[in-house]
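Dumped protein.tsv below, it's TSV, C-alpha atoms:
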chain	number	residue	atom	x	y	z
A	17	MET	CA	98.25	100.71	114.30
A	18	HIS	CA	96.37	102.24	117.22
A	19	ASP	CA	96.22	106.04	116.85
A	20	THR	CA	96.53	106.92	120.52
A	21	ASN	CA	98.95	104.37	121.97
A	22	GLY	CA	101.08	103.73	118.85
A	23	MET	CA	100.85	99.96	119.29
A	24	ALA	CA	100.36	97.69	116.31
A	25	ARG	CA	97.67	95.05	116.42
A	26	ARG	CA	99.35	91.71	115.85
A	27	TYR	CA	97.58	88.95	113.96
A	28	HIS	CA	98.28	85.26	113.61
A	29	TRP	CA	96.75	84.34	110.30
A	30	LEU	CA	95.88	80.84	109.11
A	31	SER	CA	95.36	80.63	105.36
A	32	SER	CA	96.47	77.25	104.15
A	33	GLY	CA	93.89	77.22	101.35
A	34	VAL	CA	93.85	80.82	100.06
A	35	GLU	CA	91.80	81.31	96.91
A	36	ASP	CA	91.36	85.09	96.97
A	37	PHE	CA	93.70	87.52	98.73
A	38	VAL	CA	91.16	90.36	98.92
A	39	ASN	CA	87.96	88.54	99.91
A	40	GLU	CA	88.05	86.59	103.19
A	41	PRO	CA	91.55	85.19	102.54
A	42	HIS	CA	91.95	83.79	106.05
A	43	ALA	CA	90.66	80.56	107.56
A	44	ALA	CA	91.24	81.98	111.03
A	45	ILE	CA	92.80	85.03	112.67
A	46	CYS	CA	93.64	85.43	116.30
A	47	SER	CA	94.72	88.66	117.92
A	48	GLN	CA	95.52	89.86	121.41
A	49	ASP	CA	92.87	92.60	121.07
A	50	ARG	CA	89.36	91.96	119.87
A	51	GLY	CA	86.36	94.10	119.19
A	52	GLN	CA	88.21	97.23	118.12
A	53	LEU	CA	86.58	99.43	115.53
A	54	ILE	CA	88.61	98.60	112.45
A	55	LEU	CA	88.30	98.91	108.69
A	56	ASN	CA	87.99	95.41	107.24
A	57	MET	CA	88.28	95.65	103.47
A	58	THR	CA	88.71	91.88	103.13
A	59	ALA	CA	85.24	91.16	104.56
A	60	SER	CA	82.85	89.62	102.06
A	61	GLU	CA	80.31	92.35	102.85
A	62	ALA	CA	82.92	94.96	101.76
A	63	GLU	CA	82.85	93.77	98.13
A	64	GLU	CA	80.96	96.86	96.95
A	65	SER	CA	83.29	99.12	98.95
A	66	ARG	CA	86.35	97.47	97.36
A	67	ARG	CA	84.85	97.83	93.89
A	68	THR	CA	84.01	101.49	94.48
A	69	ALA	CA	87.46	102.24	95.91
A	70	ALA	CA	89.05	100.83	92.74
A	71	LEU	CA	86.66	102.85	90.54
A	72	LEU	CA	87.39	106.03	92.51
A	73	ALA	CA	91.12	105.41	92.18
A	74	GLY	CA	90.71	105.47	88.39
A	75	GLU	CA	88.93	108.86	88.41
A	76	HIS	CA	90.74	112.12	87.78
A	77	PRO	CA	92.31	113.32	91.06
A	78	ASP	CA	90.64	116.76	90.85
A	79	LYS	CA	87.18	115.16	90.92
A	80	ILE	CA	88.03	113.03	93.97
A	81	LEU	CA	89.70	115.92	95.79
A	82	LYS	CA	86.58	118.09	95.30
A	83	GLU	CA	84.60	115.36	97.04
A	84	ALA	CA	87.26	115.08	99.75
A	85	GLU	CA	87.15	118.82	100.39
A	86	LYS	CA	83.39	118.63	100.93
A	87	LEU	CA	83.96	115.90	103.49
A	88	THR	CA	86.31	117.99	105.59
A	89	GLU	CA	83.48	120.47	106.14
A	90	LEU	CA	81.17	117.82	107.60
A	91	ALA	CA	80.67	117.45	111.33
A	92	MET	CA	80.67	113.69	111.78
A	93	PRO	CA	79.54	111.95	114.96
A	94	HIS	CA	82.30	110.41	117.06
A	95	SER	CA	80.76	107.00	116.46
A	96	HIS	CA	81.45	107.15	112.72
A	97	PRO	CA	83.87	104.30	111.94
A	98	LEU	CA	86.16	106.25	109.61
A	99	PRO	CA	87.44	109.62	110.85
A	100	LEU	CA	87.68	112.56	108.46
A	101	THR	CA	91.29	113.01	109.57
A	102	GLU	CA	92.02	110.15	107.15
A	103	VAL	CA	91.53	112.56	104.25
A	104	ASN	CA	94.71	114.55	103.60
A	105	PRO	CA	94.14	116.34	100.27
A	106	ARG	CA	97.86	117.08	99.74
A	107	TYR	CA	98.86	113.44	100.09
A	108	LEU	CA	95.78	112.19	98.24
A	109	HIS	CA	96.50	114.22	95.11
A	110	LYS	CA	99.93	112.64	94.68
A	111	ILE	CA	98.75	109.05	95.06
A	112	LEU	CA	95.48	109.59	93.14
A	113	LEU	CA	97.46	110.93	90.21
A	114	LYS	CA	99.42	107.67	90.21
A	115	THR	CA	96.27	105.52	90.48
A	116	TYR	CA	94.53	107.60	87.78
A	117	GLU	CA	97.41	106.89	85.39
A	118	ARG	CA	97.31	103.16	86.15
A	119	LYS	CA	93.47	102.84	86.27
A	120	PRO	CA	93.27	99.70	88.44
A	121	GLU	CA	90.80	97.11	87.19
A	122	ASP	CA	89.90	95.96	90.68
A	123	PHE	CA	90.81	96.29	94.35
A	124	LYS	CA	93.68	93.81	94.08
A	125	ASN	CA	95.24	95.86	91.27
A	126	LEU	CA	94.75	99.01	93.35
A	127	LEU	CA	96.72	97.47	96.23
A	128	GLU	CA	99.53	96.51	93.86
A	129	ILE	CA	100.23	100.16	92.99
A	130	GLN	CA	103.33	101.38	94.78
A	131	GLY	CA	102.45	104.02	97.37
A	132	VAL	CA	98.88	102.82	97.93
A	133	GLY	CA	98.78	102.01	101.60
A	134	PRO	CA	96.39	102.04	104.54
A	135	ALA	CA	95.82	105.83	104.42
A	136	THR	CA	94.82	105.72	100.74
A	137	VAL	CA	92.51	102.75	101.25
A	138	ARG	CA	90.87	104.40	104.29
A	139	ALA	CA	90.39	107.67	102.40
A	140	LEU	CA	88.82	105.92	99.39
A	141	ALA	CA	86.59	103.84	101.68
A	142	LEU	CA	85.50	107.00	103.50
A	143	ILE	CA	84.66	108.79	100.24
A	144	ALA	CA	82.77	105.71	99.00
A	145	ASP	CA	80.81	105.64	102.26
A	146	LEU	CA	79.99	109.32	102.73
A	147	VAL	CA	79.62	110.46	99.12
A	148	TYR	CA	78.22	107.35	97.43
A	149	GLY	CA	76.52	105.64	100.39
A	150	ILE	CA	78.56	102.44	100.11
A	151	PRO	CA	79.58	101.50	103.65
A	152	ALA	CA	82.83	99.73	104.42
A	153	SER	CA	82.95	96.79	106.80
A	154	THR	CA	84.12	97.32	110.38
A	155	ARG	CA	83.64	93.68	111.35
A	156	ASP	CA	86.58	92.46	113.41
A	157	PRO	CA	88.18	89.58	111.45
A	158	ALA	CA	89.77	88.09	114.60
A	159	ARG	CA	87.82	85.09	115.79
A	160	PHE	CA	89.61	84.47	119.07
A	161	SER	CA	92.32	85.85	121.32
A	162	PHE	CA	95.52	84.21	122.46
A	163	ALA	CA	94.75	81.30	124.76
A	164	HIS	CA	98.36	80.55	125.65
A	165	GLY	CA	100.00	83.57	127.19
A	166	GLY	CA	101.00	85.32	130.35
A	167	LYS	CA	98.80	87.52	132.52
A	168	ASP	CA	100.60	90.53	131.05
A	169	GLY	CA	98.95	89.86	127.68
A	170	PHE	CA	102.11	88.75	125.88
A	171	PRO	CA	101.84	85.34	124.22
A	172	TYR	CA	104.39	82.70	125.10
A	173	PRO	CA	106.74	81.47	122.38
A	174	VAL	CA	105.09	78.76	120.31
A	175	ASP	CA	104.96	75.61	122.43
A	176	ARG	CA	103.79	72.88	120.08
A	177	LYS	CA	103.40	70.32	122.88
A	178	ASN	CA	101.12	72.67	124.84
A	179	TYR	CA	99.04	73.51	121.76
A	180	ASP	CA	98.70	69.82	120.85
A	181	ARG	CA	97.58	69.03	124.41
A	182	SER	CA	94.99	71.84	124.21
A	183	ILE	CA	93.67	70.48	120.92
A	184	ALA	CA	93.44	66.98	122.44
A	185	VAL	CA	91.43	68.34	125.39
A	186	MET	CA	89.10	70.18	122.99
A	187	LYS	CA	88.70	67.02	120.87
A	188	SER	CA	87.82	65.00	123.97
A	189	ALA	CA	85.25	67.63	125.00
A	190	VAL	CA	83.69	67.57	121.53
A	191	GLU	CA	83.49	63.76	121.56
A	192	LYS	CA	81.78	63.79	124.99
A	193	ALA	CA	79.38	66.59	124.04
A	194	LYS	CA	75.70	65.80	123.80
A	195	VAL	CA	75.32	66.80	120.18
A	196	GLY	CA	74.59	64.89	117.02
A	197	GLU	CA	77.23	62.74	115.33
A	198	ARG	CA	77.40	65.09	112.32
A	199	GLU	CA	78.17	68.09	114.57
A	200	LYS	CA	80.90	66.10	116.35
A	201	VAL	CA	82.54	65.09	113.08
A	202	ASP	CA	82.44	68.67	111.79
A	203	ALA	CA	83.94	70.02	115.04
A	204	VAL	CA	86.74	67.42	115.02
A	205	LYS	CA	87.51	68.30	111.37
A	206	ARG	CA	87.80	71.98	112.32
A	207	LEU	CA	90.14	71.07	115.17
A	208	ALA	CA	92.21	68.87	112.83
A	209	ARG	CA	93.09	71.94	110.77
A	210	PHE	CA	95.21	73.18	113.67
A	211	TYR	CA	97.42	70.09	113.38
A	212	GLU	CA	98.41	71.30	109.89
A	213	LEU	CA	100.22	74.36	111.29
Starting from the coordinates I provided, produce the structure as structure tokens.
Amino acid sequence: MHDTNGMARRYHWLSSGVEDFVNEPHAAICSQDRGQLILNMTASEAEESRRTAALLAGEHPDKILKEAEKLTELAMPHSHPLPLTEVNPRYLHKILLKTYERKPEDFKNLLEIQGVGPATVRALALIADLVYGIPASTRDPARFSFAHGGKDGFPYPVDRKNYDRSIAVMKSAVEKAKVGEREKVDAVKRLARFYEL
């Protein structure tokens, strides 16, 4: 959810072969907005951040809140990816008490605890980053934007015939490209995944 305009970022997520729901679970994501500064806890490079967030969630709430209080006194640059406004000690105490009692084994177990939502994850990621030096990922997981939509930015309803025609055009372009046979085969295989939708 965008803080200033109140609009949610919509994703179309392809994950026909999911093996792990917390580490790069998607084969592809498209979104109408790209390049925003976002917290991406599913990125493979966020493994240490996920692990630390789960460990922090198992600590006594008073210890974590002492660290959080120190953070609110910091003057962070505007370019810092996670704002200190994400740390609300009153809310954190309630949810950290619940996570402390459950002591999640890993990030997936942390997410399964009722009440743990985006604000809790952002706060734990911020504490892991600023206190323990373990940065979270802000890599945008979206790989492309909507290609079939109006000029107003709203995508058209799914038009399978139009998508299939687009894939056929892309396949033809790949086959005519002046690249090696192996590259062509790999590109056509990637395109074929879209037919599975």
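Remark: for A:Pro77, the closest of the candidate residues A:Leu112, A:Ala43, A:Met57, A:Ala144 is A:Leu112 (distances computed over all atoms listed in the file).
Atom CA of A:Gly196 to atom CA of A:Tyr179 spans 26.4 Å [interatomic distance, one decimal].
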A:Thr58, A:Glu35, A:Ala73, A:Ser182 ranked by distance to A:Asn125, top pick (using all atoms listed in the file):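 Once distances to A:Asn125 are computed over all atoms listed in the file, the minimum belongs to A:Ala73.
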Identify the residues around (86.0, 104.2, 103.4) within a radius of 9 Å, measuring from only C-alpha atoms in the coordinates stated by the file, and give them as a PDB file with C-alpha atoms, keeping the file's coordinate frame.
ATOM      1  CA  LEU A  55      88.300  98.910 108.690  1.00  0.00           C
ATOM      2  CA  MET A  57      88.280  95.650 103.470  1.00  0.00           C
ATOM      3  CA  SER A  65      83.290  99.120  98.950  1.00  0.00           C
ATOM      4  CA  ALA A  69      87.460 102.240  95.910  1.00  0.00           C
ATOM      5  CA  PRO A  97      83.870 104.300 111.940  1.00  0.00           C
ATOM      6  CA  LEU A  98      86.160 106.250 109.610  1.00  0.00           C
ATOM      7  CA  VAL A 137      92.510 102.750 101.250  1.00  0.00           C
ATOM      8  CA  ARG A 138      90.870 104.400 104.290  1.00  0.00           C
ATOM      9  CA  ALA A 139      90.390 107.670 102.400  1.00  0.00           C
ATOM     10  CA  LEU A 140      88.820 105.920  99.390  1.00  0.00           C
ATOM     11  CA  ALA A 141      86.590 103.840 101.680  1.00  0.00           C
ATOM     12  CA  LEU A 142      85.500 107.000 103.500  1.00  0.00           C
ATOM     13  CA  ILE A 143      84.660 108.790 100.240  1.00  0.00           C
ATOM     14  CA  ALA A 144      82.770 105.710  99.000  1.00  0.00           C
ATOM     15  CA  ASP A 145      80.810 105.640 102.260  1.00  0.00           C
ATOM     16  CA  LEU A 146      79.990 109.320 102.730  1.00  0.00           C
ATOM     17  CA  ILE A 150      78.560 102.440 100.110  1.00  0.00           C
ATOM     18  CA  PRO A 151      79.580 101.500 103.650  1.00  0.00           C
ATOM     19  CA  ALA A 152      82.830  99.730 104.420  1.00  0.00           C
ATOM     20  CA  SER A 153      82.950  96.790 106.800  1.00  0.00           C
TER      21      SER A 153
END
Distance in Å - atom CA of A:Gly131 versus atom CA of A:Lys119: 14.3 Å
